[in-house]
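This report refers to the structure that appears directly beneath it.
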Amino acid sequence: MKKVFEYDVAIIGGGAAALFAASILGKNNIKTAIIEANNKLGAKILQTGNGKCNYTNLHMQQDCYQNSDNKRAFEIIEKFNNLETIEYFKTLGIYPKIRDGYVYPRSETALSVANAFRLDLEASKVKQFLNCKANKIEKNGQDIRIFCVESFEDKEILIEIVSKYLIIATGSAASLDPKKAGKEENVLKSLGLKFIKFKPALVALKTDNNNIKLAKGVRAYGCVKVLVDSKEVASDIGEIQYADYGISGIPVFQVSRYAVDALNRGKEVLASLDLTPDFSYEELVNVLESTIKNCKKKTLREVFDGIINHKLMEFVLKYVGANLDMKAENCTDYDIKQIADALKNMVLNITDSKGISAAQVCQGGISFTELDDNLELIRYKNIYACGEIVDVDAKCGGYNLQWAWSSAHLVARSIIGDYSGKTNN
């Protein structure tokens, strides 16, 4: 027999946005349930900020958000901003540690954030349906019915959750094991919503240059630009990481969504790397000429060790077709120019990304055209969406989590205002 449960608010999802909304609702004594397909809440929170949970940033501005309608996204951010987020986290027992604007818990562990939410929800008696997959949503008059399958001790139990309000906060499959990841958008099919297909964002990029494996494991300061059909569309600077498949690291993540989007549109995508952004071209040529003059008897493989990581330099020399064992004294002005050109503008053909499971977040989701100013579905009263399931994505640095908190706060306060019969300010 199918079990039926009734709540004031049901939340599908157990990630950052879902937990924040549930925390606010629970504090307001609204009977709330979370429906989570995995066996614990906040699993992806544990992976944020390299396990330290960079939960917001003091440097908050519109261009940190990279989705097509970042103006609307930032308007929601400003309704519950980074400073208000820091104060709310203090009510959960999480105090900030700030480095260069990046805000972490003082414990510098994401587990403390996940535990704070867990204890807060337990204190507020928010019901947790774990290992419970929502398959279908129906709106019948005032009631919203969520049909679920709950896994319990190798058994599957059909349950139905009836609620007055529903929050869709399923997130995406970004950073999840493909075998465990669900199809978050599937539960939305029953509502017929316009859904922009998920694609990776904040992800490593692949190249077809096989020599890049020579630099595998190197982390080096540099500038990366993404060129789409030879036109620059994005750039960033910082520590680039080199792998046998291509390039990674925060600056690559910051520009990757543009590369992924262009690849999906069948465009040619190139990455231009400046491996010595601290030198002008003229300064670099002078440094190379001086080094070669002073180290004539060294080979090209050896002579540049004091300028750039030797593994990365070996890749550069292979890139220009140089003989690595040639003596420096035999290096011509043309050779120096070729090496300088490669160090300032190494162009890689980008063929793919590492995929959704390797991405920190996804681009895509429920279109803003389906949502009103309170993130309520225009076609379905009392059904809301927040967090990554909405078509919003941002740069690294706590900006995606700030969207989760801000959008969840807006949704929760809208429900509380409607539930109490008061106007939501």
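Chain labels A, B, ... are given in the sequence in which chains occur in the structure tokens; within each chain residues are numbered consecutively from 1, and ligands are likewise numbered from 1 in the order shown.
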Identify, with DSSP run on backbone atoms, the residues in stretch 265-336 of chain A assigned to strand (DSSP E), and express the list as an MDAnalysis selection string.
chainID A and resid 269:274
Would you save the residues from that selection as a tab-separated table (two decimals), in the first residue's frame, using N, CA, C and O atoms?
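Wrote out.tsv, looks like this:
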```tsv
chain	number	residue	atom	x	y	z
A	269	VAL	N	36.89	26.34	-31.18
A	269	VAL	CA	37.28	26.93	-29.90
A	269	VAL	C	38.78	26.74	-29.70
A	269	VAL	O	39.30	25.63	-29.78
A	270	LEU	N	39.47	27.83	-29.43
A	270	LEU	CA	40.90	27.81	-29.16
A	270	LEU	C	41.16	28.41	-27.78
A	270	LEU	O	40.41	29.28	-27.32
A	271	ALA	N	42.23	27.94	-27.13
A	271	ALA	CA	42.69	28.56	-25.89
A	271	ALA	C	44.07	29.15	-26.17
A	271	ALA	O	44.97	28.45	-26.64
A	272	SER	N	44.21	30.43	-25.91
A	272	SER	CA	45.49	31.11	-26.07
A	272	SER	C	46.10	31.30	-24.68
A	272	SER	O	45.47	31.91	-23.80
A	273	LEU	N	47.30	30.76	-24.48
A	273	LEU	CA	47.96	30.82	-23.17
A	273	LEU	C	49.15	31.77	-23.21
A	273	LEU	O	50.02	31.66	-24.08
A	274	ASP	N	49.19	32.69	-22.26
A	274	ASP	CA	50.37	33.51	-22.03
A	274	ASP	C	51.05	32.94	-20.79
A	274	ASP	O	50.55	33.09	-19.67
```
Using only C-alpha atoms, which residues sit within 10 Å of stretch 229-246 of chain A once same-chain residues fewer than 2 positions away are excluded, as a PyMOL selection string?
chain A and resi 204-227+248-259+262+267-275+277+312+348-354
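Proximity of A:Asn82, A:Thr276, A:Ser414, A:Asn382 to A:Asp341, computed with only C-alpha atoms, is greatest for A:Thr276.
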List the neighbours of A:Arg118 out to 9 Å using only C-alpha atoms; skip same-chain residues closer than 6 positions along the sequence, and give me the result as an mmCIF file with N, CA and C atoms, in the first residue's frame.
```
data_model
loop_
_atom_site.group_PDB
_atom_site.id
_atom_site.type_symbol
_atom_site.label_atom_id
_atom_site.label_comp_id
_atom_site.auth_asym_id
_atom_site.auth_seq_id
_atom_site.Cartn_x
_atom_site.Cartn_y
_atom_site.Cartn_z
ATOM 1 N N LEU A 19 18.716 23.243 1.716
ATOM 2 C CA LEU A 19 18.995 23.317 3.153
ATOM 3 C C LEU A 19 18.727 24.718 3.694
ATOM 4 N N LEU A 41 22.247 14.597 3.345
ATOM 5 C CA LEU A 41 22.038 15.957 2.870
ATOM 6 C C LEU A 41 23.375 16.681 2.719
ATOM 7 N N GLY A 42 23.416 17.631 1.812
ATOM 8 C CA GLY A 42 24.582 18.509 1.698
ATOM 9 C C GLY A 42 25.846 17.858 1.191
#
```
I want to know what sits within 7 Å of A:Lys194, based on only C-alpha atoms, with residues of the same chain fewer than 6 positions away left out; could you give that as a CSV table (one decimal) with N, CA and C atoms, in the first residue's frame?
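Output saved as part.csv:
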```csv
chain,number,residue,atom,x,y,z
A,366,ILE,N,16.1,25.6,-15.4
A,366,ILE,CA,14.8,26.2,-15.6
A,366,ILE,C,15.0,27.7,-16.1
A,367,SER,N,14.4,28.0,-17.2
A,367,SER,CA,14.5,29.3,-17.8
A,367,SER,C,13.8,30.4,-16.9
A,370,GLU,N,10.1,31.2,-17.2
A,370,GLU,CA,9.1,30.3,-16.5
A,370,GLU,C,8.8,30.8,-15.1
```
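If you look at atom CA of A:Phe89 and atom CA of A:Gly14, they are 17.7 Å away from each other.
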Got a sec: who's within 6 Å of stretch 285-297 of chain A, counting only C-alpha atoms, leaving out chain neighbours fewer than 5 positions off, as a ChimeraX atom specification?
/A:327-329
Find the spatial neighbours of A:Ile35, counting only C-alpha atoms, within a cut-off of 9 Å - ignore same-chain residues fewer than 4 positions away - and output them as an MDAnalysis selection string.
chainID A and resid 10:14 127:134 148
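The interatomic distance for the pair atom CA of A:Cys362 and atom CA of A:Gly101 works out to 23.7 Å.
Considering only C-alpha atoms, the residue among A:Gln62, A:Asn38, A:Ser190, A:Gln47 positioned nearest to A:Ser151 is A:Asn38.
Of the residues under consideration (A:Val316, A:Val187, A:Ala43, A:Leu158), A:Leu158 shows the shortest atom-to-atom contact distance to A:Lys3 when counting only C-alpha atoms.
Remark: for A:Gly49, the closest of the candidate residues A:Asp8, A:Glu36, A:Glu282, A:Glu108 is A:Glu108 (distances computed over only C-alpha atoms).
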Using only C-alpha atoms, tabulate the residues of stretch 127-198 of chain A lying at most 12 Å from any atom of stretch 404-412 of chain A, each with its closest atom pair and that distance in Å to one decimal, by chain and increasing residue number, as CSV.
```
residue,atom,partner,partner_atom,distance
A:Tyr165,CA,A:Ala412,CA,10.2
A:Leu166,CA,A:Val411,CA,10.0
A:Ile167,CA,A:Val411,CA,7.8
A:Ile168,CA,A:Ala408,CA,10.1
A:Ala169,CA,A:Ala408,CA,8.5
A:Thr170,CA,A:Ala404,CA,11.3
A:Gly171,CA,A:Ala404,CA,9.5
```
Atoms to include: N, CA, C and O atoms. Write the selected residues as a PDB file, in the first residue's frame.
```pdb
ATOM      1  N   TYR A 165       2.801  23.874  -0.647  1.00  0.00           N
ATOM      2  CA  TYR A 165       3.834  24.567  -1.426  1.00  0.00           C
ATOM      3  C   TYR A 165       4.927  23.561  -1.788  1.00  0.00           C
ATOM      4  O   TYR A 165       5.190  22.607  -1.038  1.00  0.00           O
ATOM      5  N   LEU A 166       5.573  23.827  -2.909  1.00  0.00           N
ATOM      6  CA  LEU A 166       6.684  22.976  -3.341  1.00  0.00           C
ATOM      7  C   LEU A 166       7.848  23.856  -3.772  1.00  0.00           C
ATOM      8  O   LEU A 166       7.671  24.840  -4.505  1.00  0.00           O
ATOM      9  N   ILE A 167       9.049  23.485  -3.319  1.00  0.00           N
ATOM     10  CA  ILE A 167      10.282  24.133  -3.767  1.00  0.00           C
ATOM     11  C   ILE A 167      11.105  23.102  -4.540  1.00  0.00           C
ATOM     12  O   ILE A 167      11.430  22.039  -4.009  1.00  0.00           O
ATOM     13  N   ILE A 168      11.420  23.425  -5.786  1.00  0.00           N
ATOM     14  CA  ILE A 168      12.278  22.555  -6.595  1.00  0.00           C
ATOM     15  C   ILE A 168      13.700  23.078  -6.459  1.00  0.00           C
ATOM     16  O   ILE A 168      14.018  24.189  -6.895  1.00  0.00           O
ATOM     17  N   ALA A 169      14.551  22.298  -5.828  1.00  0.00           N
ATOM     18  CA  ALA A 169      15.944  22.700  -5.567  1.00  0.00           C
ATOM     19  C   ALA A 169      16.869  21.507  -5.790  1.00  0.00           C
ATOM     20  O   ALA A 169      17.737  21.208  -4.970  1.00  0.00           O
ATOM     21  N   THR A 170      16.653  20.837  -6.913  1.00  0.00           N
ATOM     22  CA  THR A 170      17.365  19.579  -7.161  1.00  0.00           C
ATOM     23  C   THR A 170      18.814  19.762  -7.568  1.00  0.00           C
ATOM     24  O   THR A 170      19.575  18.797  -7.587  1.00  0.00           O
ATOM     25  N   GLY A 171      19.235  20.981  -7.926  1.00  0.00           N
ATOM     26  CA  GLY A 171      20.607  21.164  -8.375  1.00  0.00           C
ATOM     27  C   GLY A 171      20.844  20.475  -9.705  1.00  0.00           C
ATOM     28  O   GLY A 171      19.932  20.302 -10.514  1.00  0.00           O
TER      29      GLY A 171
END
```
